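I have placed the structure first, in the form of structure tokens, so that the comments after it can refer back to it.
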Amino acid sequence: MRDALWKMSAAAQAEAVRGAHVSAVELVDSHLDRIAEVNPQVNAVTQLLAERAREAARATDRRRAAGEALGPLAGVPFTVKESTAVEGVPTTFGTARFRDLVAPADAPPVARLRAAGAIPIGHSNIPTLILAGMHTRSELFGDTVNPWDGSRTPGGTSGGDAVAVATGMAALGLGNDSGGSVRVPAQFCGVAGLKPSTGRFPADHRVLGPDDPGPASQMLVTDGPLARSVGDLRLAYEVLAGADPRDPRAVPVPAYGEALPGPVKVAVVADPGGRGVHPAVRGAIETAADALTDAGYDVREVGDVPRMAEALEAYGRITVTEFAPNWPVVRQLLGEGGDRYIEMAMERTPPASADELMKLMGTWLAIRRSWAEFLDAYPLLLGPSFTEPPVEPGLESRDRAGRDRVGSGMRLCTVTSFVGVPGVAVPTGVVDGLPTGVQIVGRAFREDLCLDAAQAIEDRLGVLTPVDPRDPGRTVDGQTTAD
């Protein structure tokens, strides 16, 4: 049975451990065996925490033997993005300069998953400093490979977690998203992902020392889980949600809201902003719309989402303004070519003056109001996470045209992060050997509605992963390190 343990859902793994059908050690060892088999091909797990994970599993088994109640994620292995702190392990951000930056404590979401019984099994790869582009390639660990097709990117910046989950190296991944970094790799790797409302999960995104980032980073970046099924995503959501004194942004909103009267209205926008959408993505949205209709939702095509172009412009201007003062130092940490993605953005979008920034903050609120009104009429929105199938690695850093193409492809993710509303990415099938998927966007703090709709889609279309890597296509230059 041990060989099959890594294939089980997170919920089934935890149930098996709680019921003494398997030990937590057996469960962890099954995943470590899978990592040894698969990671050399895909390079998703960077710092392997084998002995730490085994010790945590032994502690879980001792608690069960003593008759203690175990948590909802008892024994479940999960990966953690290289930018998120795991106590006693370097938080490298994928750069050589931070390889010895040992975290003194778990970040809040890691602590919450641990408290629920889950076990961190390794860090996962990211683009260098989360800034080198959408493709998951870091200076310290190299490229992560899409298990469906090695000539396509797994997406990012949470691409390491998406690949680890998709291939069965972990049941859950902990990423973060400020404009698609959970949802895009979920679509590209055939898994589910949740970008929560701003303030739903507590977090700590400080990089060095006690200083917090500026307002754009505070408001846009949200930690979020990846899983192979919507049920597992819901389980992680329930564990991660809630207030925490370590993060005053996190608010005590109930994880589940009141049921809505009548069939829930779903607005469908296949081509947000009217910039074009690939036929495979349009087909995925149509398939998901049919699934929701079959499930009893009131599905309606609408003209567009609110203020797309204005929101993209404001997002870019505000983030560049916050980032510009530190750019001369940061670019030195990105390694050869790692600065191209941000440099192209800064060439096109100049920082705002103080007066302009104050006006932009007002624009931000106005756009959020427009979206609140839109989602008052339509509690859910069905659209793309990315408007194309997975693209080639590094397209966004190759030249201006490539960067614009990628930025346009993830435009709905960017705008919904800017607005602060939740989105759930869910797979819909496979076209030409590559996974397809959609995202369900909802009202602020109504992740439950998004998850319900995503579950309805999954119930009708199925789960795509775990998968074995298919034709990696090129040499991986990173390697797994063991503690």
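We label chains A, B, ... in the order they appear in the structure tokens, count residues from 1 in each chain, and number ligands from 1 in the order shown.
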
Pick out the residues sitting within 12 Å of A:Pro328, and hand them over as a PDB file with N, CA and C atoms, in the first residue's frame; count only C-alpha atoms, and ignore anything fewer than 3 positions along from it in its own chain.
ATOM      1  N   PHE A 323       8.436  50.231  -5.908  1.00  0.00           N
ATOM      2  CA  PHE A 323       9.615  49.408  -6.115  1.00  0.00           C
ATOM      3  C   PHE A 323      10.842  50.207  -6.558  1.00  0.00           C
ATOM      4  N   ALA A 324      10.629  51.326  -7.229  1.00  0.00           N
ATOM      5  CA  ALA A 324      11.732  52.044  -7.880  1.00  0.00           C
ATOM      6  C   ALA A 324      12.883  52.438  -6.957  1.00  0.00           C
ATOM      7  N   PRO A 325      12.633  52.942  -5.742  1.00  0.00           N
ATOM      8  CA  PRO A 325      13.772  53.374  -4.915  1.00  0.00           C
ATOM      9  C   PRO A 325      14.773  52.264  -4.598  1.00  0.00           C
ATOM     10  N   ARG A 331      18.327  44.770  -8.300  1.00  0.00           N
ATOM     11  CA  ARG A 331      18.719  44.197  -9.587  1.00  0.00           C
ATOM     12  C   ARG A 331      20.058  43.478  -9.493  1.00  0.00           C
ATOM     13  N   GLN A 332      20.896  43.866  -8.540  1.00  0.00           N
ATOM     14  CA  GLN A 332      22.183  43.189  -8.369  1.00  0.00           C
ATOM     15  C   GLN A 332      22.016  41.787  -7.791  1.00  0.00           C
ATOM     16  N   LEU A 333      20.868  41.506  -7.182  1.00  0.00           N
ATOM     17  CA  LEU A 333      20.616  40.200  -6.579  1.00  0.00           C
ATOM     18  C   LEU A 333      19.984  39.207  -7.542  1.00  0.00           C
ATOM     19  N   LEU A 334      19.616  39.671  -8.721  1.00  0.00           N
ATOM     20  CA  LEU A 334      18.809  38.843  -9.607  1.00  0.00           C
ATOM     21  C   LEU A 334      19.615  37.930 -10.516  1.00  0.00           C
ATOM     22  N   ASP A 339      17.164  40.537 -14.308  1.00  0.00           N
ATOM     23  CA  ASP A 339      16.560  41.853 -14.144  1.00  0.00           C
ATOM     24  C   ASP A 339      15.725  42.285 -15.346  1.00  0.00           C
ATOM     25  N   ILE A 342      11.642  42.944 -14.843  1.00  0.00           N
ATOM     26  CA  ILE A 342      11.283  44.162 -14.127  1.00  0.00           C
ATOM     27  C   ILE A 342      11.806  45.397 -14.863  1.00  0.00           C
ATOM     28  N   GLU A 343      12.981  45.295 -15.431  1.00  0.00           N
ATOM     29  CA  GLU A 343      13.560  46.437 -16.133  1.00  0.00           C
ATOM     30  C   GLU A 343      12.659  46.895 -17.277  1.00  0.00           C
ATOM     31  N   MET A 346       9.790  48.865 -15.862  1.00  0.00           N
ATOM     32  CA  MET A 346      10.157  50.187 -15.377  1.00  0.00           C
ATOM     33  C   MET A 346      10.486  51.146 -16.518  1.00  0.00           C
TER      34      MET A 346
END

If we count only C-alpha atoms, what is near A:Ser217 at a cut-off of 9 Å, once residues fewer than 4 positions away on the same chain are taken out, given as a PDB file with C-alpha atoms, in the first residue's frame?
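part27.pdb was written with the following content:
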ATOM      1  CA  SER A 178      -0.079  38.995  -6.320  1.00  0.00           C
ATOM      2  CA  HIS A 205       6.128  38.916   3.778  1.00  0.00           C
ATOM      3  CA  PRO A 213       6.948  46.176   2.786  1.00  0.00           C
ATOM      4  CA  VAL A 221       0.400  39.614  -2.077  1.00  0.00           C
ATOM      5  CA  THR A 319       3.835  48.874  -7.915  1.00  0.00           C
ATOM      6  CA  GLU A 322       6.871  51.515  -4.587  1.00  0.00           C
TER       7      GLU A 322
END

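Using only C-alpha atoms for every distance, the candidate list A:Asp244, A:Val184, A:Cys413, A:Ala456 yields A:Asp244 as the residue closest to A:Arg200.
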
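Closest approach to A:Leu412 among A:Gln439, A:Thr136, A:Ser397, A:Ser30 is made by A:Gln439 (distances from only C-alpha atoms).
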
Neighbouring residues of A:Lys7 were defined as those with any atom within 10 Å, considering only C-alpha atoms; residues of the same chain fewer than 3 positions away were excluded. Please report them as number ranges by chain. A: 2-4, 10, 12-13, 30-31, 34, 167-171, 228, 465-467

Taking into account only C-alpha atoms, which residue in the set A:Trp6, A:Ile367, A:Ala50, A:Arg58 is nearest to A:Ala24?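 Closest residue, counting only C-alpha atoms: A:Arg58.
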
What are the closest atom pairs, with distances in Å to one decimal, for each residue of stretch 378-474 of chain A lying within 12 Å of stretch 140-154 of chain A, using only C-alpha atoms, rows by chain and rising residue number, as a Markdown table?
| residue | atom | partner | partner_atom | distance |
| --- | --- | --- | --- | --- |
| A:Glu388 | CA | A:Arg152 | CA | 11.7 |
| A:Pro389 | CA | A:Arg152 | CA | 9.0 |
| A:Pro390 | CA | A:Arg152 | CA | 5.7 |
| A:Val391 | CA | A:Arg152 | CA | 5.4 |
| A:Glu392 | CA | A:Arg152 | CA | 4.4 |
| A:Pro393 | CA | A:Thr153 | CA | 4.5 |
| A:Gly394 | CA | A:Thr153 | CA | 7.7 |
| A:Leu395 | CA | A:Thr153 | CA | 9.0 |
| A:Glu396 | CA | A:Thr153 | CA | 10.8 |
| A:Val406 | CA | A:Thr153 | CA | 11.7 |
| A:Val430 | CA | A:Trp148 | CA | 10.0 |
| A:Val431 | CA | A:Trp148 | CA | 11.2 |
| A:Asp432 | CA | A:Trp148 | CA | 10.5 |
| A:Gly433 | CA | A:Trp148 | CA | 7.1 |
| A:Leu434 | CA | A:Trp148 | CA | 6.2 |
| A:Pro435 | CA | A:Trp148 | CA | 7.8 |
| A:Thr436 | CA | A:Trp148 | CA | 11.4 |
| A:Leu464 | CA | A:Trp148 | CA | 10.9 |
| A:Thr465 | CA | A:Trp148 | CA | 10.3 |
| A:Pro466 | CA | A:Pro147 | CA | 9.9 |
| A:Val467 | CA | A:Pro147 | CA | 7.3 |
| A:Asp468 | CA | A:Pro147 | CA | 6.8 |
| A:Pro469 | CA | A:Pro147 | CA | 4.1 |
| A:Arg470 | CA | A:Trp148 | CA | 5.4 |
| A:Asp471 | CA | A:Gly150 | CA | 6.0 |
| A:Pro472 | CA | A:Gly150 | CA | 4.0 |
| A:Gly473 | CA | A:Gly150 | CA | 4.9 |
| A:Arg474 | CA | A:Gly150 | CA | 6.9 |

A:Pro245 surroundings by only C-alpha atoms, 12 Å radius, close-in-sequence under 5 positions cut, as a list in words: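 Listed by chain and then number, they are Pro108, Phe201, Pro202, Ala203, Asp204, Ala250, Val251 and Pro252 of chain A.
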
Emit the selected residues as a PDB file, in the first residue's frame, including N, CA and C atoms.
ATOM      1  N   PRO A 108       3.262  32.611   9.275  1.00  0.00           N
ATOM      2  CA  PRO A 108       1.947  32.239   9.807  1.00  0.00           C
ATOM      3  C   PRO A 108       1.235  31.107   9.064  1.00  0.00           C
ATOM      4  N   PHE A 201      -6.165  35.310   4.888  1.00  0.00           N
ATOM      5  CA  PHE A 201      -5.142  34.497   5.557  1.00  0.00           C
ATOM      6  C   PHE A 201      -4.099  35.407   6.187  1.00  0.00           C
ATOM      7  N   PRO A 202      -3.637  35.117   7.389  1.00  0.00           N
ATOM      8  CA  PRO A 202      -2.516  35.867   7.952  1.00  0.00           C
ATOM      9  C   PRO A 202      -1.219  35.491   7.254  1.00  0.00           C
ATOM     10  N   ALA A 203      -0.301  36.452   7.154  1.00  0.00           N
ATOM     11  CA  ALA A 203       0.958  36.226   6.454  1.00  0.00           C
ATOM     12  C   ALA A 203       2.030  37.134   7.028  1.00  0.00           C
ATOM     13  N   ASP A 204       3.257  36.898   6.605  1.00  0.00           N
ATOM     14  CA  ASP A 204       4.379  37.760   6.952  1.00  0.00           C
ATOM     15  C   ASP A 204       5.325  37.747   5.763  1.00  0.00           C
ATOM     16  N   ALA A 250      -5.161  40.503   8.728  1.00  0.00           N
ATOM     17  CA  ALA A 250      -6.063  39.358   8.693  1.00  0.00           C
ATOM     18  C   ALA A 250      -7.281  39.636   9.574  1.00  0.00           C
ATOM     19  N   VAL A 251      -8.453  39.425   9.023  1.00  0.00           N
ATOM     20  CA  VAL A 251      -9.696  39.806   9.703  1.00  0.00           C
ATOM     21  C   VAL A 251     -10.515  38.567  10.073  1.00  0.00           C
ATOM     22  N   PRO A 252     -11.284  38.656  11.167  1.00  0.00           N
ATOM     23  CA  PRO A 252     -12.041  37.501  11.654  1.00  0.00           C
ATOM     24  C   PRO A 252     -13.384  37.327  10.949  1.00  0.00           C
TER      25      PRO A 252
END

Which of these residues is nearest to A:Glu68, using only C-alpha atoms: A:Gly180, A:Pro104, A:Gly117, A:Gly283?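 Counting only C-alpha atoms, the residue closest to A:Glu68 is A:Gly117.
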
DSSP strand (DSSP E) residues within stretch 34-231 of chain A, as number ranges by chain: A: 45-48, 77-81, 119-124, 137-138, 142-143, 172-177, 192-195, 222-227

Please produce a file of those selected residues containing C-alpha atoms, as a PDB file, in the first residue's frame.
ATOM      1  CA  VAL A  45      11.680  20.607  -4.727  1.00  0.00           C
ATOM      2  CA  THR A  46      14.745  22.645  -3.804  1.00  0.00           C
ATOM      3  CA  GLN A  47      15.586  22.066  -0.128  1.00  0.00           C
ATOM      4  CA  LEU A  48      14.433  18.577   0.813  1.00  0.00           C
ATOM      5  CA  PRO A  77       3.218  16.393   3.386  1.00  0.00           C
ATOM      6  CA  PHE A  78       3.301  19.864   1.850  1.00  0.00           C
ATOM      7  CA  THR A  79       5.845  22.019   0.042  1.00  0.00           C
ATOM      8  CA  VAL A  80       6.582  25.647   0.853  1.00  0.00           C
ATOM      9  CA  LYS A  81       7.657  28.296  -1.635  1.00  0.00           C
ATOM     10  CA  ILE A 119       4.294  18.231   7.586  1.00  0.00           C
ATOM     11  CA  PRO A 120       6.581  20.452   5.466  1.00  0.00           C
ATOM     12  CA  ILE A 121       8.607  18.132   3.243  1.00  0.00           C
ATOM     13  CA  GLY A 122      10.621  20.690   1.326  1.00  0.00           C
ATOM     14  CA  HIS A 123      10.958  24.144  -0.105  1.00  0.00           C
ATOM     15  CA  SER A 124       9.901  24.637  -3.722  1.00  0.00           C
ATOM     16  CA  ARG A 137      13.805  29.608 -12.872  1.00  0.00           C
ATOM     17  CA  SER A 138      16.035  30.698 -10.008  1.00  0.00           C
ATOM     18  CA  GLY A 142      17.817  26.470 -11.948  1.00  0.00           C
ATOM     19  CA  ASP A 143      14.720  25.689 -14.031  1.00  0.00           C
ATOM     20  CA  LEU A 172      -0.446  20.301  -0.895  1.00  0.00           C
ATOM     21  CA  GLY A 173       1.676  23.289  -1.866  1.00  0.00           C
ATOM     22  CA  LEU A 174       1.853  26.671  -0.170  1.00  0.00           C
ATOM     23  CA  GLY A 175       2.413  29.458  -2.678  1.00  0.00           C
ATOM     24  CA  ASN A 176       1.476  33.109  -2.914  1.00  0.00           C
ATOM     25  CA  ASP A 177      -0.176  35.279  -5.524  1.00  0.00           C
ATOM     26  CA  ALA A 192      -6.392  23.547  -8.343  1.00  0.00           C
ATOM     27  CA  GLY A 193      -5.277  26.750  -6.641  1.00  0.00           C
ATOM     28  CA  LEU A 194      -6.785  29.404  -4.384  1.00  0.00           C
ATOM     29  CA  LYS A 195      -5.962  33.115  -4.298  1.00  0.00           C
ATOM     30  CA  THR A 222      -1.732  36.820  -0.615  1.00  0.00           C
ATOM     31  CA  ASP A 223      -0.560  33.349   0.369  1.00  0.00           C
ATOM     32  CA  GLY A 224      -2.603  30.538  -1.114  1.00  0.00           C
ATOM     33  CA  PRO A 225      -2.679  26.741  -1.367  1.00  0.00           C
ATOM     34  CA  LEU A 226      -2.433  24.421  -4.363  1.00  0.00           C
ATOM     35  CA  ALA A 227      -3.900  20.918  -4.426  1.00  0.00           C
TER      36      ALA A 227
END

Restricting the calculation to only C-alpha atoms: of A:Ala65, A:Ala444, A:Ala36, A:Val191, which residue gets closest to A:Gly19?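 With only C-alpha atoms as the atom set, the closest residue is A:Ala65.
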